[in-house]
Amino acid sequence: MTNPGAVAPGFRLPEIVADDRAFRAWYDRHAPRVYRYLLSRCGSESVAEDLLQAVFMEVVRHPETFDGRADVLPWLIGIARHQLGRHYRRRDRSERWSWGRGVHAVEPVSQSGELHAARVGADIRAALAALPALQQAALVFRFLDGLSVREVADHIGRSEDATESVLRRARVRFEQIYRGATDAD
Amino acid sequence: MLTDEQLARLIRELETSVDPDATPIVRAFDRIDADRQLVLRRRRQPWWLRILPGPRSLDLGLRPVRLLMLVSLVVGMLLGGLIVAGVLRPSEPPLNKLDLVVRPAASVDLPGRPYSMAVDGGSLWVANGNVVSRIDPATAKVQATIPTGSGAASVGAGPAGLWVASLDAGMVSRVDAVTNTLTEPTPVASPEFLAVGDADVWVASPTTGRVTRIDAATGRIAASVLVGGAPSQPVVGLGSVWIPHDCRTSTQGPKAGVVTRIDIATNRVVGEISGGTQACVHTVVVSSGEVWFTDSNDGTLTQIDPATNAILRTLSIGEDARGIVDMRAGGSRYGVPGALWLTVNPSFGQSGIALVDPVAGKVVAFLDLGVAPQASTVGLTDLFELDGSVWVAADVSEQPAVWRIDPAP
């Protein structure tokens, strides 16, 4: 089985971006993987769609930043992870501002019916969605992406100590909610 | 307690339980491709056209402005040629470096997050946490701390005096600046933001969607206007009260991105100006007969035509634009004249102040105040000019504060 992200010899991304048909084919090949990465982490089709758009717009604007590695997918996922971190930080700000004022933010965490997930996935998703944005981000980056605490800290814009603390609170809260949901079943 | 391995296994279920629908991928392509075509078109343009602002930065009057800028460019190049030839000498060196590192001349630590600022009687008043701090702007020392009860508070000053809204207490009170106490409380449901006019106090309640008018002379409610949405910090000017709606829900439904205009003479809503579906209006400023507002969601600065309530133009500033102060009169003391100053808080990178030339429609300088990206909760919010200095509310996680920026000596 061939690696879907592998690039052919002589591959030059700026030339792909400049060519209508080549870009469409390249997008069709890689967008589903990037979208799946985003959707599994943010749980909302609308948010994943927006982030997917942001990822490929970044590519379109700066194709020369592709470093010529053998596989383009990790590079795209890196951009997607950056966009995801940005999304979580925005939500964190919005939550802090709203909670400080005693009113909840409008932005939905997840919309029912958007995910065709198995029940177990739905329970995990629900438990994760009930966490504040930074705690969600920390769990996703640490346990789904397998990043180090330091890397997680970079993505959520906190110090390593603060990130450890976020992770501690996140896992306690996640477990409480998840166990509550599964016990209720 | 779950072990790391159990937790990882559980969370990895998210990856396997997702069955993505292809529609969003196809839908996203159309927008990406439109952007790609735009990028390619601009790349094919000659360099002197590429440096002019694109259609995303100026919405209205683009062609005349482009033409004007092109003419200015040609004239500039001609003048530049004359300067190089030694025929003309510039009076001062041009501003080449736009990023300016500025450190606050003074910082006043606050016990809570700064919510609003006002100037009255030569003092700076900052509503933060559950108190209002009175600050001597010259010494940057707290002169008095006035408790406002639990919950967030807001402070406002104007010809009708200095007033404070206490959210949880549900009271709007006048501040006695002699005794530093709250007097004449008027009950108002969920008062969260206020502005003070010539004879009245205007109080916005985001949870009820109402704006309440209090007669400052009697302390009685003179009118209650249902504006809907989540009205936030009102501003009095041009015979109207201008009320932004931020990105929150209220019992009256969302109205994010709208600025409501109330006619002071009739207490009626005379305009609802929409900044866009994704908008989240943060601050309105009325200055020199002009009305501007920032959008913290899409990072834009928008000008309203007060004669027609139409949007004149929208300038793209950067991420999370919040406070505004008009420094077109006093900006030359800081070396950058003719600018509106805006606090901006990008997700990645430094919070700071963007100096926007509204004529050119672009950011002409950025003041880096040394806010570490990870230190930010909300970031920099309100801005105020007082005695030639600019005060900035720093809602940062390490230490909430207000900072004073002084002109260069």
# chains A, B, ... in the order shown; residues from 1 in each chain; ligands from 1
>>> residues_around(residues="range 11-26 of chain A", least_positions_apart="4", cutoff="12 Å", atoms="only C-alpha atoms", output="PyMOL selection string")
(chain A and resi 4-7+30-33+56-73) or (chain B and resi 25-26+28-30+32-41+43-44)
>>> write_last_selection(atoms="C-alpha atoms", output="CSV table (one decimal), in the first residue's frame")
chain,number,residue,atom,x,y,z
A,4,PRO,CA,-1.0,8.7,0.4
A,5,GLY,CA,1.1,11.6,1.6
A,6,ALA,CA,4.3,10.6,-0.2
A,7,VAL,CA,5.5,13.1,-2.8
A,30,HIS,CA,-5.1,15.2,1.1
A,31,ALA,CA,-8.1,17.2,2.4
A,32,PRO,CA,-10.0,14.1,3.7
A,33,ARG,CA,-7.1,13.1,5.9
A,56,PHE,CA,-5.4,25.1,2.8
A,57,MET,CA,-5.5,28.9,2.6
A,58,GLU,CA,-2.2,28.9,4.5
A,59,VAL,CA,-0.9,26.5,2.0
A,60,VAL,CA,-2.1,28.6,-1.0
A,61,ARG,CA,-0.6,31.7,0.4
A,62,HIS,CA,2.7,30.3,1.4
A,63,PRO,CA,3.4,27.1,-0.7
A,64,GLU,CA,7.1,27.9,-0.6
A,65,THR,CA,7.2,27.0,3.1
A,66,PHE,CA,6.8,23.3,2.3
A,67,ASP,CA,10.2,22.0,3.3
A,68,GLY,CA,10.5,19.3,0.6
A,69,ARG,CA,10.2,16.4,3.0
A,70,ALA,CA,9.2,13.0,1.5
A,71,ASP,CA,5.7,13.1,2.9
A,72,VAL,CA,3.4,16.1,2.7
A,73,LEU,CA,0.8,14.8,5.2
B,25,ILE,CA,-14.6,19.1,2.3
B,26,VAL,CA,-16.2,19.9,-1.1
B,28,ALA,CA,-14.5,24.3,1.8
B,29,PHE,CA,-12.7,23.8,-1.6
B,30,ASP,CA,-14.8,26.5,-3.2
B,32,ILE,CA,-10.1,27.9,-0.8
B,33,ASP,CA,-10.1,28.0,-4.5
B,34,ALA,CA,-11.5,31.5,-4.6
B,35,ASP,CA,-8.7,32.6,-2.3
B,36,ARG,CA,-6.2,30.8,-4.4
B,37,GLN,CA,-7.3,32.6,-7.6
B,38,LEU,CA,-7.1,35.9,-5.7
B,39,VAL,CA,-3.6,35.1,-4.5
B,40,LEU,CA,-2.5,34.1,-8.1
B,41,ARG,CA,-4.0,37.2,-9.6
B,43,ARG,CA,1.1,37.5,-7.8
B,44,ARG,CA,0.7,38.2,-11.5
>>> select_by_dssp(residues="range 168-367 of chain B", states="strand (DSSP E)", output="ChimeraX atom specification")
/B:171-176,181-187,193-196,200-205,210-215,221-226,235-237,240-244,258-263,268-274,281-287,290-295,300-305,310-316,321-326,340-344,351-357,362-367
>>> closest_residue(among="B:Gly335, B:Gly239, B:Pro400, B:Pro244", to="Arg268 in chain B", atoms="only C-alpha atoms")
B:Gly239
>>> closest_residue(among="A:Ala126, A:Ala138, A:Ala48, A:Leu144", to="Glu5 in chain B", atoms="only C-alpha atoms")
A:Leu144
>>> residues_around(residues="Val402 in chain B", least_positions_apart="5", cutoff="7 Å", atoms="only C-alpha atoms", output="CSV table (one decimal) with N, CA and C atoms, in the first residue's frame")
chain,number,residue,atom,x,y,z
B,107,SER,N,2.9,51.3,35.9
B,107,SER,CA,1.9,50.2,35.9
B,107,SER,C,1.3,50.2,37.3
B,108,VAL,N,0.0,50.1,37.3
B,108,VAL,CA,-0.8,50.1,38.5
B,108,VAL,C,-1.4,48.7,38.6
B,109,ASP,N,-1.0,47.9,39.6
B,109,ASP,CA,-1.6,46.6,39.8
B,109,ASP,C,-3.0,46.7,40.4
B,391,TRP,N,-3.6,55.4,28.6
B,391,TRP,CA,-3.7,54.3,29.6
B,391,TRP,C,-4.3,53.1,29.0
B,392,VAL,N,-3.8,52.0,29.3
B,392,VAL,CA,-4.2,50.7,28.7
B,392,VAL,C,-4.6,49.7,29.8
B,393,ALA,N,-5.8,49.1,29.6
B,393,ALA,CA,-6.2,48.1,30.6
B,393,ALA,C,-5.5,46.8,30.2
B,394,ALA,N,-4.8,46.2,31.0
B,394,ALA,CA,-4.0,44.9,30.7
B,394,ALA,C,-4.7,43.8,31.5
>>> closest_residue(among="B:Thr300, B:Ser150, B:Thr294, B:Asn180", to="Trp125 in chain B", atoms="only C-alpha atoms")
B:Asn180
>>> closest_residue(among="A:Val149, A:Ala170, A:Val140, A:Ile177", to="chain B", atoms="only C-alpha atoms")
A:Val140
>>> residues_around(residues="Pro147 in chain B", least_positions_apart="5", cutoff="12 Å", atoms="only C-alpha atoms", output="compact mmCIF listing (two decimals) with N, CA and C atoms, in the first residue's frame")
# COMPACT_ATOMS: atom_id res chain seq x y z
N PRO B 111 -6.54 44.60 41.95
CA PRO B 111 -6.94 43.36 42.61
C PRO B 111 -7.77 42.44 41.72
N GLY B 112 -8.41 42.97 40.68
CA GLY B 112 -9.24 42.15 39.80
C GLY B 112 -9.03 42.53 38.35
N VAL B 126 -10.95 52.95 37.64
CA VAL B 126 -10.94 51.66 36.94
C VAL B 126 -11.82 50.67 37.68
N ALA B 127 -12.87 50.21 37.01
CA ALA B 127 -13.69 49.14 37.59
C ALA B 127 -12.96 47.83 37.35
N ASN B 128 -12.66 47.12 38.44
CA ASN B 128 -11.94 45.85 38.29
C ASN B 128 -12.39 44.92 39.39
N GLY B 129 -12.64 43.67 38.99
CA GLY B 129 -13.14 42.70 39.98
C GLY B 129 -14.38 43.26 40.66
N ASN B 130 -14.34 43.33 41.99
CA ASN B 130 -15.49 43.82 42.74
C ASN B 130 -15.26 45.20 43.33
N VAL B 131 -14.34 45.95 42.75
CA VAL B 131 -14.05 47.29 43.28
C VAL B 131 -13.86 48.28 42.14
N VAL B 132 -13.88 49.56 42.54
CA VAL B 132 -13.43 50.60 41.62
C VAL B 132 -12.18 51.22 42.25
N SER B 133 -11.09 51.23 41.49
CA SER B 133 -9.84 51.81 41.99
C SER B 133 -9.70 53.23 41.45
N ARG B 134 -9.41 54.16 42.38
CA ARG B 134 -9.17 55.55 41.98
C ARG B 134 -7.66 55.75 41.90
N ALA B 152 -19.05 41.65 38.61
CA ALA B 152 -18.31 42.67 37.87
C ALA B 152 -18.96 44.03 38.01
N ALA B 153 -18.14 45.05 37.87
CA ALA B 153 -18.65 46.41 37.94
C ALA B 153 -18.22 47.18 36.70
N SER B 154 -18.90 48.27 36.47
CA SER B 154 -18.54 49.13 35.35
C SER B 154 -18.55 50.56 35.84
N VAL B 164 -21.29 54.23 38.87
CA VAL B 164 -20.81 52.85 38.88
C VAL B 164 -22.01 51.91 38.79
N ALA B 165 -21.87 50.87 37.97
CA ALA B 165 -22.89 49.81 37.92
C ALA B 165 -22.34 48.57 38.61
N SER B 166 -23.11 48.02 39.55
CA SER B 166 -22.70 46.80 40.25
C SER B 166 -23.60 45.66 39.76
N ALA B 169 -25.25 43.15 42.50
CA ALA B 169 -26.11 43.91 43.41
C ALA B 169 -27.31 44.49 42.67
N SER B 173 -24.99 53.41 40.94
CA SER B 173 -24.82 54.42 42.00
C SER B 173 -23.92 55.54 41.53
N VAL B 175 -20.90 58.12 42.34
CA VAL B 175 -19.72 58.08 43.20
C VAL B 175 -19.49 59.47 43.78
N ASN B 180 -15.24 59.18 48.47
CA ASN B 180 -14.96 57.90 47.80
C ASN B 180 -15.96 56.82 48.21
N THR B 181 -17.21 57.18 48.19
CA THR B 181 -18.27 56.21 48.52
C THR B 181 -19.34 56.24 47.42
N LEU B 182 -20.16 55.20 47.40
CA LEU B 182 -21.26 55.13 46.45
C LEU B 182 -22.51 55.71 47.10
>>> residues_around(residues="Glu175 in chain A", least_positions_apart="2", cutoff="10 Å", atoms="only C-alpha atoms", output="mmCIF file with N, CA and C atoms, in the first residue's frame")
data_model
loop_
_atom_site.group_PDB
_atom_site.id
_atom_site.type_symbol
_atom_site.label_atom_id
_atom_site.label_comp_id
_atom_site.auth_asym_id
_atom_site.auth_seq_id
_atom_site.Cartn_x
_atom_site.Cartn_y
_atom_site.Cartn_z
ATOM 1 N N ILE A 124 -17.389 9.728 25.027
ATOM 2 C CA ILE A 124 -16.087 10.379 25.202
ATOM 3 C C ILE A 124 -16.156 11.810 24.670
ATOM 4 N N ALA A 127 -18.028 13.980 27.099
ATOM 5 C CA ALA A 127 -17.229 14.293 28.290
ATOM 6 C C ALA A 127 -16.175 15.338 27.952
ATOM 7 N N LEU A 128 -15.587 15.181 26.787
ATOM 8 C CA LEU A 128 -14.546 16.128 26.370
ATOM 9 C C LEU A 128 -15.147 17.508 26.112
ATOM 10 N N ALA A 170 -7.861 18.563 33.882
ATOM 11 C CA ALA A 170 -8.616 18.043 32.740
ATOM 12 C C ALA A 170 -8.915 16.557 32.920
ATOM 13 N N ARG A 171 -7.904 15.779 33.330
ATOM 14 C CA ARG A 171 -8.135 14.332 33.401
ATOM 15 C C ARG A 171 -9.077 13.970 34.543
ATOM 16 N N VAL A 172 -8.980 14.724 35.664
ATOM 17 C CA VAL A 172 -9.901 14.467 36.782
ATOM 18 C C VAL A 172 -11.333 14.758 36.353
ATOM 19 N N ARG A 173 -11.504 15.918 35.732
ATOM 20 C CA ARG A 173 -12.849 16.345 35.316
ATOM 21 C C ARG A 173 -13.405 15.409 34.231
ATOM 22 N N ILE A 177 -16.861 13.109 34.471
ATOM 23 C CA ILE A 177 -17.985 13.248 33.532
ATOM 24 C C ILE A 177 -18.201 11.952 32.757
ATOM 25 N N TYR A 178 -17.100 11.365 32.310
ATOM 26 C CA TYR A 178 -17.219 10.158 31.502
ATOM 27 C C TYR A 178 -17.817 9.015 32.320
ATOM 28 N N ARG A 179 -17.330 8.851 33.558
ATOM 29 C CA ARG A 179 -17.865 7.790 34.404
ATOM 30 C C ARG A 179 -19.346 8.053 34.720
ATOM 31 N N GLY A 180 -19.673 9.318 34.943
ATOM 32 C CA GLY A 180 -21.073 9.684 35.198
ATOM 33 C C GLY A 180 -21.963 9.277 34.035
ATOM 34 N N ALA A 181 -21.489 9.518 32.828
ATOM 35 C CA ALA A 181 -22.273 9.211 31.622
ATOM 36 C C ALA A 181 -22.421 7.711 31.435
ATOM 37 N N MET B 1 -8.870 6.190 39.427
ATOM 38 C CA MET B 1 -8.230 7.140 38.503
ATOM 39 C C MET B 1 -7.670 6.375 37.296
ATOM 40 N N LEU B 2 -7.922 6.880 36.122
ATOM 41 C CA LEU B 2 -7.429 6.236 34.904
ATOM 42 C C LEU B 2 -5.918 6.413 34.795
ATOM 43 N N LEU B 7 -6.322 6.278 29.676
ATOM 44 C CA LEU B 7 -6.855 7.553 29.186
ATOM 45 C C LEU B 7 -6.558 7.708 27.691
#
>>> closest_residue(among="B:Asp176, B:Asp387, B:Asp246, B:Glu290", to="chain A", atoms="only C-alpha atoms")
B:Asp246
>>> residues_around(residues="Arg404 in chain B", least_positions_apart="2", cutoff="10 Å", atoms="only C-alpha atoms", output="VMD selection string")
chain B and resid 103 to 108 137 to 138 140 383 to 386 389 to 393 401 to 402 406 to 407
>>> write_last_selection(atoms="C-alpha atoms", output="PDB file, in the first residue's frame")
ATOM      1  CA  ARG B 103       7.475  49.850  27.662  1.00  0.00           C
ATOM      2  CA  PRO B 104       4.856  51.324  29.997  1.00  0.00           C
ATOM      3  CA  ALA B 105       6.152  54.285  31.970  1.00  0.00           C
ATOM      4  CA  ALA B 106       4.016  53.197  34.908  1.00  0.00           C
ATOM      5  CA  SER B 107       1.926  50.212  35.913  1.00  0.00           C
ATOM      6  CA  VAL B 108      -0.785  50.076  38.532  1.00  0.00           C
ATOM      7  CA  PRO B 137      -2.494  59.555  36.877  1.00  0.00           C
ATOM      8  CA  ALA B 138       0.584  61.633  37.700  1.00  0.00           C
ATOM      9  CA  ALA B 140       0.301  56.124  39.146  1.00  0.00           C
ATOM     10  CA  LEU B 383      -7.590  52.558  25.982  1.00  0.00           C
ATOM     11  CA  PHE B 384      -7.890  56.070  27.385  1.00  0.00           C
ATOM     12  CA  GLU B 385      -6.018  59.312  26.799  1.00  0.00           C
ATOM     13  CA  LEU B 386      -5.427  61.440  29.880  1.00  0.00           C
ATOM     14  CA  SER B 389      -0.558  59.898  28.262  1.00  0.00           C
ATOM     15  CA  VAL B 390      -2.369  56.800  27.081  1.00  0.00           C
ATOM     16  CA  TRP B 391      -3.717  54.344  29.648  1.00  0.00           C
ATOM     17  CA  VAL B 392      -4.214  50.711  28.689  1.00  0.00           C
ATOM     18  CA  ALA B 393      -6.197  48.097  30.580  1.00  0.00           C
ATOM     19  CA  ALA B 401      -3.157  46.144  35.756  1.00  0.00           C
ATOM     20  CA  VAL B 402      -3.502  49.423  33.965  1.00  0.00           C
ATOM     21  CA  ASP B 406       4.065  58.324  27.948  1.00  0.00           C
ATOM     22  CA  PRO B 407       5.241  60.176  24.852  1.00  0.00           C
TER      23      PRO B 407
END
>>> atom_distance(atom1="CA of Val359 in chain B", atom2="CA of Val259 in chain B")
22.8 Å
>>> residues_around(residues="Ala118 in chain B", least_positions_apart="4", cutoff="6 Å", atoms="only C-alpha atoms", output="PyMOL selection string")
chain B and resi 124-125+156-157
>>> write_last_selection(atoms="C-alpha atoms", output="tab-separated table (two decimals), in the first residue's frame")
chain	number	residue	atom	x	y	z
B	124	LEU	CA	-8.51	57.69	36.55
B	125	TRP	CA	-11.22	55.34	37.80
B	156	GLY	CA	-18.47	55.79	33.56
B	157	ALA	CA	-18.03	59.54	33.75
>>> closest_residue(among="B:Ala230, B:Val155, B:Ala160, B:Val241", to="Ala217 in chain B", atoms="only C-alpha atoms")
B:Ala160
>>> atom_distance(atom1="CA of Gly257 in chain B", atom2="CA of Arg313 in chain B")
14.8 Å
>>> atom_distance(atom1="CA of His87 in chain A", atom2="CA of Asp298 in chain B")
12.9 Å
>>> decode(residues="range 32-69 of chain A", atoms="N, CA and C atoms", output="compact mmCIF listing (two decimals), in the first residue's frame")
# COMPACT_ATOMS: atom_id res chain seq x y z
N PRO A 32 -9.30 15.04 2.77
CA PRO A 32 -10.05 14.14 3.67
C PRO A 32 -9.26 13.76 4.91
N ARG A 33 -7.96 13.52 4.74
CA ARG A 33 -7.14 13.13 5.90
C ARG A 33 -7.04 14.29 6.90
N VAL A 34 -6.84 15.47 6.38
CA VAL A 34 -6.69 16.64 7.25
C VAL A 34 -8.03 16.92 7.95
N TYR A 35 -9.11 16.80 7.18
CA TYR A 35 -10.44 17.05 7.75
C TYR A 35 -10.76 16.04 8.84
N ARG A 36 -10.40 14.80 8.59
CA ARG A 36 -10.65 13.76 9.59
C ARG A 36 -9.86 14.04 10.87
N TYR A 37 -8.63 14.47 10.68
CA TYR A 37 -7.80 14.84 11.85
C TYR A 37 -8.50 15.94 12.66
N LEU A 38 -8.96 16.96 11.95
CA LEU A 38 -9.58 18.11 12.64
C LEU A 38 -10.91 17.71 13.28
N LEU A 39 -11.72 16.98 12.53
CA LEU A 39 -13.06 16.62 13.03
C LEU A 39 -12.96 15.73 14.27
N SER A 40 -12.04 14.78 14.25
CA SER A 40 -11.92 13.88 15.40
C SER A 40 -11.48 14.63 16.65
N ARG A 41 -10.84 15.77 16.47
CA ARG A 41 -10.34 16.51 17.62
C ARG A 41 -11.28 17.63 18.09
N CYS A 42 -11.98 18.26 17.17
CA CYS A 42 -12.83 19.37 17.62
C CYS A 42 -14.30 18.94 17.74
N GLY A 43 -14.70 17.86 17.06
CA GLY A 43 -16.04 17.30 17.25
C GLY A 43 -17.16 18.07 16.57
N SER A 44 -16.84 19.09 15.82
CA SER A 44 -17.89 19.86 15.16
C SER A 44 -17.57 19.97 13.68
N GLU A 45 -18.50 19.57 12.84
CA GLU A 45 -18.25 19.63 11.40
C GLU A 45 -18.02 21.06 10.94
N SER A 46 -18.79 21.99 11.51
CA SER A 46 -18.66 23.38 11.05
C SER A 46 -17.29 23.94 11.42
N VAL A 47 -16.83 23.63 12.65
CA VAL A 47 -15.51 24.12 13.07
C VAL A 47 -14.43 23.44 12.24
N ALA A 48 -14.57 22.12 12.05
CA ALA A 48 -13.56 21.39 11.26
C ALA A 48 -13.49 21.94 9.84
N GLU A 49 -14.63 22.30 9.28
CA GLU A 49 -14.66 22.85 7.92
C GLU A 49 -13.92 24.19 7.87
N ASP A 50 -14.20 25.04 8.87
CA ASP A 50 -13.51 26.34 8.92
C ASP A 50 -12.00 26.16 9.06
N LEU A 51 -11.61 25.22 9.93
CA LEU A 51 -10.18 25.01 10.15
C LEU A 51 -9.52 24.40 8.92
N LEU A 52 -10.26 23.51 8.24
CA LEU A 52 -9.73 22.92 7.00
C LEU A 52 -9.45 24.03 5.98
N GLN A 53 -10.41 24.92 5.90
CA GLN A 53 -10.25 26.06 4.98
C GLN A 53 -9.01 26.88 5.36
N ALA A 54 -8.85 27.11 6.66
CA ALA A 54 -7.70 27.91 7.12
C ALA A 54 -6.38 27.21 6.78
N VAL A 55 -6.37 25.88 6.91
CA VAL A 55 -5.14 25.13 6.63
C VAL A 55 -4.76 25.29 5.16
N PHE A 56 -5.72 25.06 4.27
CA PHE A 56 -5.38 25.10 2.85
C PHE A 56 -5.18 26.53 2.33
N MET A 57 -5.80 27.49 2.98
CA MET A 57 -5.52 28.87 2.59
C MET A 57 -4.08 29.24 2.97
N GLU A 58 -3.65 28.72 4.09
CA GLU A 58 -2.25 28.92 4.52
C GLU A 58 -1.31 28.33 3.46
N VAL A 59 -1.69 27.15 2.97
CA VAL A 59 -0.87 26.49 1.95
C VAL A 59 -0.84 27.31 0.67
N VAL A 60 -2.03 27.79 0.28
CA VAL A 60 -2.14 28.55 -0.96
C VAL A 60 -1.33 29.84 -0.89
N ARG A 61 -1.33 30.45 0.28
CA ARG A 61 -0.63 31.73 0.42
C ARG A 61 0.88 31.55 0.57
N HIS A 62 1.28 30.44 1.18
CA HIS A 62 2.72 30.26 1.43
C HIS A 62 3.18 28.85 1.02
N PRO A 63 3.00 28.49 -0.26
CA PRO A 63 3.39 27.13 -0.66
C PRO A 63 4.90 26.92 -0.57
N GLU A 64 5.64 28.00 -0.62
CA GLU A 64 7.10 27.88 -0.60
C GLU A 64 7.62 27.42 0.76
N THR A 65 6.74 27.44 1.78
CA THR A 65 7.21 27.03 3.11
C THR A 65 7.25 25.51 3.26
N PHE A 66 6.72 24.77 2.27
CA PHE A 66 6.84 23.31 2.35
C PHE A 66 8.32 22.97 2.23
N ASP A 67 8.78 22.20 3.21
CA ASP A 67 10.23 22.00 3.33
C ASP A 67 10.78 20.87 2.46
N GLY A 68 9.97 20.33 1.57
CA GLY A 68 10.48 19.34 0.63
C GLY A 68 10.64 17.95 1.21
N ARG A 69 10.05 17.73 2.39
CA ARG A 69 10.16 16.39 2.98
C ARG A 69 9.44 15.36 2.10
